[in-house]
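Worksheet for the structure shown next.
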Amino acid sequence: MNSLISKTLIPPISLSSSTRLTLTPNSLRHFKLHLPRLMSSDSSHRLFQLKLDPLTGNSEWVVIEDNDDLPDCPKELLLATTSYLDMLNDSCRNKAFRSAIERTVTKPCHVLDIGAGTGLLSMMAARAMGLNGTVTACESYLPMAKLMRKVLHRNRMGKAISLFNKRSDELEVGVDIPSRADVLVSEILDSELLGEGLIPTLQHAYDKLLVENPLTVPFRAVTYGQLVESTYLWKLHDLSGIEAKVSDGIHLVPTGSDSIIQVKSRQYPMHCDAIREEIKLLSEPFEIFEFDFWKRPESNGETKVQVKVIDDGNIHAIVSWWVLQLDREGTVFYSTAPRWINSPANIGYRDWCDHWKQCVWFFRGKGMSVSRGEEVLLEASHTETSVSYNLNAQVPKNDTRQHDHNIRDFQLLLSPERIAIYGDSKWRSSVLAAVRNALQGRVNPLCVVVDDSIFLTLLAANLSKTSHVLSLFPGLREKGAQYLETVVKANCFSMDRVEVPEKRKPCLTLHDTRGKKVDMLIGEPYYYANEGMLPWQNLRFWKDRTLLDPVLSEDSLIMPCKGILKACAMSLPDLWSSRCCLGDVEGFDHSIVNTTLSACGELPAPKEGPFLPFSVWQCGEIKELSEIFTILEFDFSKPISSCHGTAQVKFTEGGICHGFVLWVDWIMDTDNSIVISTGPEHRYWKQGVKLLSKPVAVGINGCNSNSEYGSTIVEVLFEPSSSELILKHAFL
């Protein structure tokens with residue numbers, strides 16, 4: 001794990017071993033502000049792991065001790081949903097690092113491995129020296145450091161490698177390590193290259209931990225880009241342009257306020273091969289930045305690239321990737337390029353993997369119109385952790401998108417998928433019809449929007465001139481209120497009919513509603529910043545509805561009315577291969593990590609791998625083997641409760657079944673006529689994937705041979721107390 005920057009984990013803090021903190025969003029912010037005061041030099045023995053209850057939105061810090069007993073926080077779950085397993089199954093990566101290390105570490109010396117993970121690179125370095133040199137491994141994440149110790153012991157490398165459960169900037173020469181290191185091996189790269197703190201990590205290492213002119217693996221990285229046109233990518237960021245084609249009376253982005261809703265200006269990891277048929281290439285690949293690992297990097301950099309256009313079109317985005325040169329001689333390479341790039345023979349193509357993707361940067365608005373043969377100037381810059389781009393003629397200086405004072409410089413940042421959903425005409429018309437039907441015949445209704453849906457808030461206020469709308473906005477909070485104040489005029493209602501509570505409350509009371517019972521309780525459901533969660537974790541809507549039960553009127557309408565858990569048996573060879581059990585990894589036994597990382601294939605009964613959230617359409621080769629079937633229903637007219645369902649389904653295609661894909665269809669009306677599906681064919685949502693421990697051969701209409709199964713029984717239990725969905729299956 002990255003030694004300096006962690007996106008989801010909090011640095012170790014010294015407290016009593018029984019410490020447990022339950023935090024509300026407000027206290028969480030307060031706690032984060034005061035974290036530096038709680039830092040301890042005893043950081044190698046415990047840390048905080050942030051746990052989120054998706055059905056309540058509450059966060060909890062759990063202290064993890066440096067022992068095998070992790071009460072109330074199963075150690076298998078700490079690493080099961082990380083990318084470590086996917087990375088270790090990337091044989092191209094492993095072979096490249098092995099070859100480069102063996103070419104670089106040719107005699108006994110001191111090797112430093114930063115972000116050591118399971119210790120694979122450390123063991124490669126120790127082996128290359130014949131176990132005669134010194135290897136210092138630095139791994140800051142305690143659960144991984146504990147797992148690495150087991151891997152080292154299994155491979156009899158415990159004495160050859162000194163492991164420190166610290167960030168690299170906590171290591172001190174003369175205290176932790178006897179001398180500066182001669183060689184640096186590290187793999188602290190993300191899809192963007194810089195996002196895991198590569199630059200600050202290298203800077204500190206050169207300043208404090210490495211000899212002058214050290215050897216490094218990797219040796220260099222070069223980033224490349226390609227300008228593209230893609231309607232799909234355009235829909236992921238230009239809500240203003242998309243909404244201009246919709247005529248439903250709702251204006252999420254009012255005229256002249258193009259930048260009020262935006263995606264964050266950053267690169268977005270994406271499997272671009274999955275949308276190759278929807279991309280028009282408008283340039284040849286071009287080099288952007290070169291990062292040399294063999295010398296101390298600069299924190300910031302800028303470059304300008306003159307790019308020749310090869311086809312007519314609109315530049316909507318830049319697709320970028322990187323190529324690693326792992327050895328000094330330039331014989332060992334690794335590339336994250338999409339498959340349409342003709343890579344040199346010495347680089348080749350890698351198998352599908354999820355830990356490193358291509359990246360997409362969106363150019364604002366409708367993009368830049370270009371003609372074949374034209375040249376455009378691309379300006380690129382990087383900070384310590386990110387890269388950004390701009391086209392020379394993309395935004396004129398007087399363009400209101402740069403500084404629109406009419407919207408008070410306010411911006412609401414949403415995910416690309418949320419932008420696309422809000423711009424989807426079919427989705428909008430379905431939701432509009434459901435709300436319009438719900439409001440019919442209701443006079444002065446009190447409507448509570450329990451989630452973070454700005455669209456539902458505008459709908460309820462716009463469609464009924466007598467409604468009073470109470471939007472809870474549990475994630476957006478004051479941002480949601482600011483947004484509504486900005487767009488109220490364009491949507492033909494006044495803020496005296498719309499209210500956003502100033503403080504988040506566990507539940508509303510009649511005091512909060514001024515004594516009036518709630519007539520309509522609605523949600524999409526959508527919870528801000530939760531798009532990466534499993535689909536049924538949006539059943540937080542059901543939990544919220546239950547908490548509000550005391551203030552609901554007798555004839556209150558709940559929307560959605562139901563949730564239908566759908567499933568399909570699928571062939572997912574690429575995804576399964578990236579998650580399968582490990583054995584020998586470049587000569588080192590990694591089988592001991594399989595249970596902890598929840599690998600497919602060798603989990604001891606009754607353990608099973610967890611559900612994993614994936615956009616299935618991006619998971620490489622996929623094939624549906626059964627009809628889509630219903631397993632159970634969630635009835636929102638009643639308070640939340642445990643649910644159980646069973647379904648038997650026959651296979652409609654022959655092949656190898658690797659698992660089940662599950663999602664929720666939201667039934668928006670009591671007539672069951674308006675359905676919002678989040679299945680694989682709808683690309684803006686993630687599904688939950690349950691991979692089998694071992695692939696199963698299946699046939700059509702019964703067994704075609706003794707080795708094939710013709711149907712399967714799937715049983716599911718939803719338990720709200722744990723927010724878990726438990727699936728069992730049997731092939732027949």
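Residues are named by chain letter and number: chains run A, B, ... in the order of the structure tokens, numbers start at 1 in each chain, and ligands are numbered from 1 in the order shown.
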
Run DSSP on the backbone and tell me which residues of range 141-255 of chain A come out as helix (DSSP H, G or I); list them as a VMD selection string.
chain A and resid 142 to 154 168 to 170 198 to 209 231 to 235 239 to 243

Write to file, as a compact mmCIF listing (two decimals), in the first residue's frame, the residues of the selection just made, with N, CA, C and O atoms.
# COMPACT_ATOMS: atom_id res chain seq x y z
N LEU A 142 -1.62 -2.20 8.24
CA LEU A 142 -1.38 -3.27 9.19
C LEU A 142 -1.92 -4.63 8.74
O LEU A 142 -1.19 -5.63 8.81
N PRO A 143 -3.17 -4.76 8.29
CA PRO A 143 -3.63 -6.08 7.84
C PRO A 143 -2.76 -6.67 6.74
O PRO A 143 -2.50 -7.89 6.72
N MET A 144 -2.28 -5.86 5.82
CA MET A 144 -1.42 -6.37 4.77
C MET A 144 -0.04 -6.72 5.30
O MET A 144 0.58 -7.71 4.89
N ALA A 145 0.48 -5.91 6.22
CA ALA A 145 1.77 -6.22 6.82
C ALA A 145 1.72 -7.56 7.55
O ALA A 145 2.67 -8.35 7.49
N LYS A 146 0.62 -7.82 8.23
CA LYS A 146 0.46 -9.10 8.92
C LYS A 146 0.42 -10.26 7.93
O LYS A 146 0.99 -11.32 8.15
N LEU A 147 -0.26 -10.03 6.81
CA LEU A 147 -0.34 -11.08 5.79
C LEU A 147 1.04 -11.29 5.16
O LEU A 147 1.43 -12.43 4.87
N MET A 148 1.78 -10.23 4.97
CA MET A 148 3.12 -10.35 4.39
C MET A 148 4.02 -11.20 5.28
O MET A 148 4.82 -12.00 4.77
N ARG A 149 3.91 -11.02 6.58
CA ARG A 149 4.73 -11.83 7.49
C ARG A 149 4.47 -13.32 7.26
O ARG A 149 5.39 -14.14 7.27
N LYS A 150 3.19 -13.67 7.03
CA LYS A 150 2.85 -15.08 6.80
C LYS A 150 3.43 -15.56 5.47
O LYS A 150 3.89 -16.71 5.37
N VAL A 151 3.38 -14.71 4.46
CA VAL A 151 3.94 -15.09 3.15
C VAL A 151 5.44 -15.29 3.27
O VAL A 151 6.00 -16.25 2.73
N LEU A 152 6.12 -14.38 3.96
CA LEU A 152 7.56 -14.51 4.15
C LEU A 152 7.91 -15.79 4.89
O LEU A 152 8.86 -16.51 4.52
N HIS A 153 7.15 -16.09 5.93
CA HIS A 153 7.39 -17.31 6.70
C HIS A 153 7.17 -18.55 5.83
O HIS A 153 7.98 -19.50 5.87
N ARG A 154 6.09 -18.56 5.03
CA ARG A 154 5.79 -19.71 4.16
C ARG A 154 6.94 -19.94 3.17
O ARG A 154 7.24 -21.09 2.83
N SER A 168 6.79 5.07 4.54
CA SER A 168 8.21 5.24 4.25
C SER A 168 8.76 6.54 4.84
O SER A 168 9.94 6.62 5.18
N ASP A 169 7.90 7.56 4.99
CA ASP A 169 8.40 8.81 5.57
C ASP A 169 8.56 8.73 7.08
O ASP A 169 9.00 9.69 7.72
N GLU A 170 8.22 7.57 7.65
CA GLU A 170 8.45 7.34 9.08
C GLU A 170 9.75 6.57 9.33
O GLU A 170 10.19 6.47 10.47
N LEU A 198 3.07 8.64 -5.79
CA LEU A 198 4.37 8.27 -6.34
C LEU A 198 5.40 9.38 -6.16
O LEU A 198 6.52 9.14 -5.69
N ILE A 199 5.05 10.61 -6.54
CA ILE A 199 6.02 11.70 -6.51
C ILE A 199 6.49 12.03 -5.09
O ILE A 199 7.70 12.05 -4.82
N PRO A 200 5.58 12.31 -4.13
CA PRO A 200 6.08 12.61 -2.78
C PRO A 200 6.82 11.44 -2.14
O PRO A 200 7.76 11.65 -1.35
N THR A 201 6.43 10.22 -2.49
CA THR A 201 7.14 9.06 -1.95
C THR A 201 8.57 9.02 -2.47
O THR A 201 9.52 8.81 -1.70
N LEU A 202 8.74 9.23 -3.77
CA LEU A 202 10.09 9.23 -4.34
C LEU A 202 10.91 10.40 -3.81
O LEU A 202 12.11 10.25 -3.53
N GLN A 203 10.29 11.55 -3.67
CA GLN A 203 11.02 12.71 -3.16
C GLN A 203 11.60 12.44 -1.77
O GLN A 203 12.77 12.72 -1.50
N HIS A 204 10.77 11.89 -0.90
CA HIS A 204 11.26 11.61 0.46
C HIS A 204 12.33 10.53 0.43
O HIS A 204 13.33 10.61 1.16
N ALA A 205 12.12 9.52 -0.39
CA ALA A 205 13.10 8.44 -0.46
C ALA A 205 14.46 8.97 -0.92
O ALA A 205 15.51 8.61 -0.36
N TYR A 206 14.47 9.83 -1.94
CA TYR A 206 15.74 10.39 -2.42
C TYR A 206 16.37 11.29 -1.37
O TYR A 206 17.60 11.34 -1.23
N ASP A 207 15.55 12.01 -0.63
CA ASP A 207 16.08 12.93 0.38
C ASP A 207 16.62 12.20 1.61
O ASP A 207 17.64 12.63 2.19
N LYS A 208 15.97 11.12 2.02
CA LYS A 208 16.27 10.53 3.33
C LYS A 208 16.69 9.06 3.33
O LYS A 208 17.33 8.61 4.28
N LEU A 209 16.34 8.30 2.29
CA LEU A 209 16.48 6.85 2.39
C LEU A 209 17.40 6.20 1.36
O LEU A 209 17.78 5.04 1.52
N THR A 231 -20.10 9.75 -28.06
CA THR A 231 -21.37 10.20 -27.49
C THR A 231 -21.54 9.66 -26.08
O THR A 231 -22.05 10.35 -25.18
N TYR A 232 -21.09 8.43 -25.86
CA TYR A 232 -21.21 7.84 -24.52
C TYR A 232 -20.43 8.67 -23.51
O TYR A 232 -20.94 9.01 -22.43
N LEU A 233 -19.19 9.02 -23.83
CA LEU A 233 -18.38 9.81 -22.91
C LEU A 233 -18.94 11.22 -22.75
O LEU A 233 -18.89 11.79 -21.65
N TRP A 234 -19.48 11.77 -23.81
CA TRP A 234 -20.10 13.10 -23.72
C TRP A 234 -21.26 13.10 -22.73
O TRP A 234 -21.42 14.02 -21.92
N LYS A 235 -22.07 12.04 -22.76
CA LYS A 235 -23.22 11.97 -21.86
C LYS A 235 -22.80 11.84 -20.40
O LYS A 235 -23.61 12.09 -19.50
N LEU A 239 -24.16 17.65 -18.82
CA LEU A 239 -25.59 17.63 -18.51
C LEU A 239 -26.31 18.80 -19.18
O LEU A 239 -27.46 18.66 -19.62
N SER A 240 -25.66 19.93 -19.28
CA SER A 240 -26.28 21.09 -19.92
C SER A 240 -26.62 20.79 -21.38
O SER A 240 -27.73 21.06 -21.84
N GLY A 241 -25.67 20.23 -22.11
CA GLY A 241 -25.91 19.91 -23.51
C GLY A 241 -26.95 18.83 -23.70
O GLY A 241 -27.76 18.89 -24.64
N ILE A 242 -26.95 17.83 -22.82
CA ILE A 242 -27.92 16.75 -22.92
C ILE A 242 -29.32 17.25 -22.59
O ILE A 242 -30.30 16.94 -23.27
N GLU A 243 -29.42 18.05 -21.53
CA GLU A 243 -30.73 18.53 -21.08
C GLU A 243 -31.38 19.45 -22.11
O GLU A 243 -32.60 19.57 -22.16

Find the spatial neighbours of range 518-530 of chain A, counting only C-alpha atoms, within a cut-off of 9 Å - ignore same-chain residues fewer than 5 positions away - and output them as a ChimeraX atom specification.
/A:54,414-415,431,435,438-439,442,445-453,456,473-476,513,537-541,545,548,551-560,666,668,676

Could you write out the selected residues, including C-alpha atoms, as a PDB file, in the first residue's frame?
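After the write, out24.pdb holds the following:
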ATOM      1  CA  PRO A  54     -24.740   1.512   4.328  1.00  0.00           C
ATOM      2  CA  LEU A 414     -21.533  14.733  -9.236  1.00  0.00           C
ATOM      3  CA  SER A 415     -20.143  11.478 -10.581  1.00  0.00           C
ATOM      4  CA  VAL A 431     -39.588   9.201 -12.885  1.00  0.00           C
ATOM      5  CA  VAL A 435     -44.310  11.487  -9.478  1.00  0.00           C
ATOM      6  CA  ALA A 438     -48.499  10.058  -7.219  1.00  0.00           C
ATOM      7  CA  LEU A 439     -49.503  13.704  -6.912  1.00  0.00           C
ATOM      8  CA  ARG A 442     -53.537  15.358  -3.492  1.00  0.00           C
ATOM      9  CA  PRO A 445     -49.349  17.420   0.119  1.00  0.00           C
ATOM     10  CA  LEU A 446     -46.318  17.212   2.356  1.00  0.00           C
ATOM     11  CA  CYS A 447     -43.675  15.404   0.330  1.00  0.00           C
ATOM     12  CA  VAL A 448     -40.464  14.155   1.929  1.00  0.00           C
ATOM     13  CA  VAL A 449     -37.500  13.336  -0.322  1.00  0.00           C
ATOM     14  CA  VAL A 450     -35.451  11.034   1.889  1.00  0.00           C
ATOM     15  CA  ASP A 451     -32.382  10.627  -0.302  1.00  0.00           C
ATOM     16  CA  ASP A 452     -30.103  13.017  -2.204  1.00  0.00           C
ATOM     17  CA  SER A 453     -32.231  13.358  -5.328  1.00  0.00           C
ATOM     18  CA  LEU A 456     -37.167  14.462  -7.352  1.00  0.00           C
ATOM     19  CA  PHE A 473     -30.322  15.435   1.481  1.00  0.00           C
ATOM     20  CA  PRO A 474     -28.381  13.212   3.934  1.00  0.00           C
ATOM     21  CA  GLY A 475     -25.226  13.393   1.818  1.00  0.00           C
ATOM     22  CA  LEU A 476     -25.541  16.687  -0.035  1.00  0.00           C
ATOM     23  CA  THR A 513     -43.156  18.758  10.003  1.00  0.00           C
ATOM     24  CA  GLN A 537     -27.196  -1.106  -0.099  1.00  0.00           C
ATOM     25  CA  ASN A 538     -29.541   1.527  -1.494  1.00  0.00           C
ATOM     26  CA  LEU A 539     -32.103  -0.250   0.669  1.00  0.00           C
ATOM     27  CA  ARG A 540     -31.087   2.481   3.053  1.00  0.00           C
ATOM     28  CA  PHE A 541     -34.265   3.995   1.576  1.00  0.00           C
ATOM     29  CA  ARG A 545     -38.841   4.856   5.470  1.00  0.00           C
ATOM     30  CA  LEU A 548     -40.196   7.841   9.422  1.00  0.00           C
ATOM     31  CA  VAL A 551     -44.963  10.595  10.866  1.00  0.00           C
ATOM     32  CA  LEU A 552     -46.533   8.916   7.801  1.00  0.00           C
ATOM     33  CA  SER A 553     -50.218   9.533   7.133  1.00  0.00           C
ATOM     34  CA  GLU A 554     -52.568   6.540   6.843  1.00  0.00           C
ATOM     35  CA  ASP A 555     -52.808   6.897   3.069  1.00  0.00           C
ATOM     36  CA  SER A 556     -49.204   7.954   2.528  1.00  0.00           C
ATOM     37  CA  LEU A 557     -47.602   6.989  -0.753  1.00  0.00           C
ATOM     38  CA  ILE A 558     -44.160   5.397  -0.758  1.00  0.00           C
ATOM     39  CA  MET A 559     -42.079   5.669  -3.929  1.00  0.00           C
ATOM     40  CA  PRO A 560     -40.546   3.411  -4.999  1.00  0.00           C
ATOM     41  CA  TRP A 666     -37.121  -0.292  -8.472  1.00  0.00           C
ATOM     42  CA  MET A 668     -41.990   3.235  -8.886  1.00  0.00           C
ATOM     43  CA  ILE A 676     -36.223   1.601 -13.096  1.00  0.00           C
TER      44      ILE A 676
END

Find the spatial neighbours of range 351-361 of chain A, counting only C-alpha atoms, within a cut-off of 9 Å - ignore same-chain residues fewer than 3 positions away - and output them as a PyMOL selection string.
chain A and resi 83-84+86-87+89-92+189-192+233+265-273+316-322+336-338+388-389+574-575+577-578+619-621

Residue list (strand (DSSP E or B), DSSP) for range 165-386 of chain A, as number ranges by chain
A: 173, 177, 181-186, 210-217, 220-229, 261-262, 268-270, 280-281, 283, 286-292, 301-309, 313-315, 317-325, 333-335, 358-362, 368-370, 375-382

Do a neighbour search on range 295-304 of chain A at 8 Å with only C-alpha atoms, toss out local chain neighbours closer than 4 positions, and write the hits as a PDB file with N, CA and C atoms, in the first residue's frame.
ATOM      1  N   ILE A 199       5.048  10.606  -6.535  1.00  0.00           N
ATOM      2  CA  ILE A 199       6.021  11.700  -6.511  1.00  0.00           C
ATOM      3  C   ILE A 199       6.490  12.030  -5.091  1.00  0.00           C
ATOM      4  N   PRO A 200       5.576  12.305  -4.127  1.00  0.00           N
ATOM      5  CA  PRO A 200       6.084  12.609  -2.777  1.00  0.00           C
ATOM      6  C   PRO A 200       6.822  11.441  -2.141  1.00  0.00           C
ATOM      7  N   LEU A 202       8.742   9.226  -3.775  1.00  0.00           N
ATOM      8  CA  LEU A 202      10.088   9.230  -4.342  1.00  0.00           C
ATOM      9  C   LEU A 202      10.912  10.399  -3.809  1.00  0.00           C
ATOM     10  N   GLN A 203      10.291  11.550  -3.666  1.00  0.00           N
ATOM     11  CA  GLN A 203      11.024  12.713  -3.161  1.00  0.00           C
ATOM     12  C   GLN A 203      11.596  12.441  -1.773  1.00  0.00           C
ATOM     13  N   TYR A 206      14.466   9.833  -1.943  1.00  0.00           N
ATOM     14  CA  TYR A 206      15.736  10.393  -2.416  1.00  0.00           C
ATOM     15  C   TYR A 206      16.368  11.295  -1.366  1.00  0.00           C
ATOM     16  N   ASN A 213      22.496   8.497  -6.675  1.00  0.00           N
ATOM     17  CA  ASN A 213      22.424   7.714  -7.915  1.00  0.00           C
ATOM     18  C   ASN A 213      22.047   6.255  -7.660  1.00  0.00           C
ATOM     19  N   ILE A 288       2.873  12.383 -23.531  1.00  0.00           N
ATOM     20  CA  ILE A 288       2.508  13.543 -22.706  1.00  0.00           C
ATOM     21  C   ILE A 288       3.611  13.858 -21.704  1.00  0.00           C
ATOM     22  N   PHE A 289       3.801  12.993 -20.707  1.00  0.00           N
ATOM     23  CA  PHE A 289       4.825  13.226 -19.689  1.00  0.00           C
ATOM     24  C   PHE A 289       5.758  12.021 -19.598  1.00  0.00           C
ATOM     25  N   PHE A 291       8.225  10.410 -16.661  1.00  0.00           N
ATOM     26  CA  PHE A 291       8.602  10.453 -15.243  1.00  0.00           C
ATOM     27  C   PHE A 291       9.769   9.489 -15.029  1.00  0.00           C
ATOM     28  N   LEU A 377      -3.629  22.472 -29.928  1.00  0.00           N
ATOM     29  CA  LEU A 377      -2.612  22.531 -28.880  1.00  0.00           C
ATOM     30  C   LEU A 377      -3.192  21.979 -27.587  1.00  0.00           C
ATOM     31  N   LEU A 378      -2.633  20.891 -27.112  1.00  0.00           N
ATOM     32  CA  LEU A 378      -3.041  20.299 -25.839  1.00  0.00           C
ATOM     33  C   LEU A 378      -2.073  20.749 -24.754  1.00  0.00           C
ATOM     34  N   GLU A 379      -2.617  21.335 -23.709  1.00  0.00           N
ATOM     35  CA  GLU A 379      -1.816  21.745 -22.561  1.00  0.00           C
ATOM     36  C   GLU A 379      -2.050  20.758 -21.427  1.00  0.00           C
ATOM     37  N   ALA A 380      -0.978  20.204 -20.900  1.00  0.00           N
ATOM     38  CA  ALA A 380      -1.074  19.229 -19.811  1.00  0.00           C
ATOM     39  C   ALA A 380      -0.240  19.713 -18.628  1.00  0.00           C
ATOM     40  N   SER A 381      -0.727  19.457 -17.446  1.00  0.00           N
ATOM     41  CA  SER A 381       0.020  19.802 -16.236  1.00  0.00           C
ATOM     42  C   SER A 381      -0.185  18.713 -15.204  1.00  0.00           C
ATOM     43  N   HIS A 382       0.776  18.578 -14.314  1.00  0.00           N
ATOM     44  CA  HIS A 382       0.622  17.599 -13.236  1.00  0.00           C
ATOM     45  C   HIS A 382       1.043  18.210 -11.908  1.00  0.00           C
ATOM     46  N   THR A 383       0.362  17.764 -10.865  1.00  0.00           N
ATOM     47  CA  THR A 383       0.740  18.080  -9.493  1.00  0.00           C
ATOM     48  C   THR A 383       1.431  16.838  -8.925  1.00  0.00           C
ATOM     49  N   GLU A 384       1.554  16.771  -7.615  1.00  0.00           N
ATOM     50  CA  GLU A 384       2.163  15.589  -7.011  1.00  0.00           C
ATOM     51  C   GLU A 384       1.306  14.341  -7.183  1.00  0.00           C
TER      52      GLU A 384
END

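Between CA of Val469 in chain A and CA of Pro720 in chain A lies a distance of 28.3 Å.
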
Identify, on the basis of only C-alpha atoms, every residue whose closest approach to Cys109 in chain A does not exceed 10 Å; exclude the query and any residue fewer than 6 positions from it along the same chain; express the result as number ranges by chain.
A: 125-126, 129, 132-135, 181-183

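With only C-alpha atoms as the atoms that count, the residue of A:Leu324, A:Leu227, A:Ile592, A:Met157 with the shortest distance to Met124 in chain A is A:Met157.
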
When you look at Phe97 in chain A with a cut-off of 8 Å (counting only C-alpha atoms), what residues show up, excluding the ones that are within fewer than 5 positions of it in the same chain? I need them as JSON, numbers by chain.
{"A": [121, 217, 218, 326]}
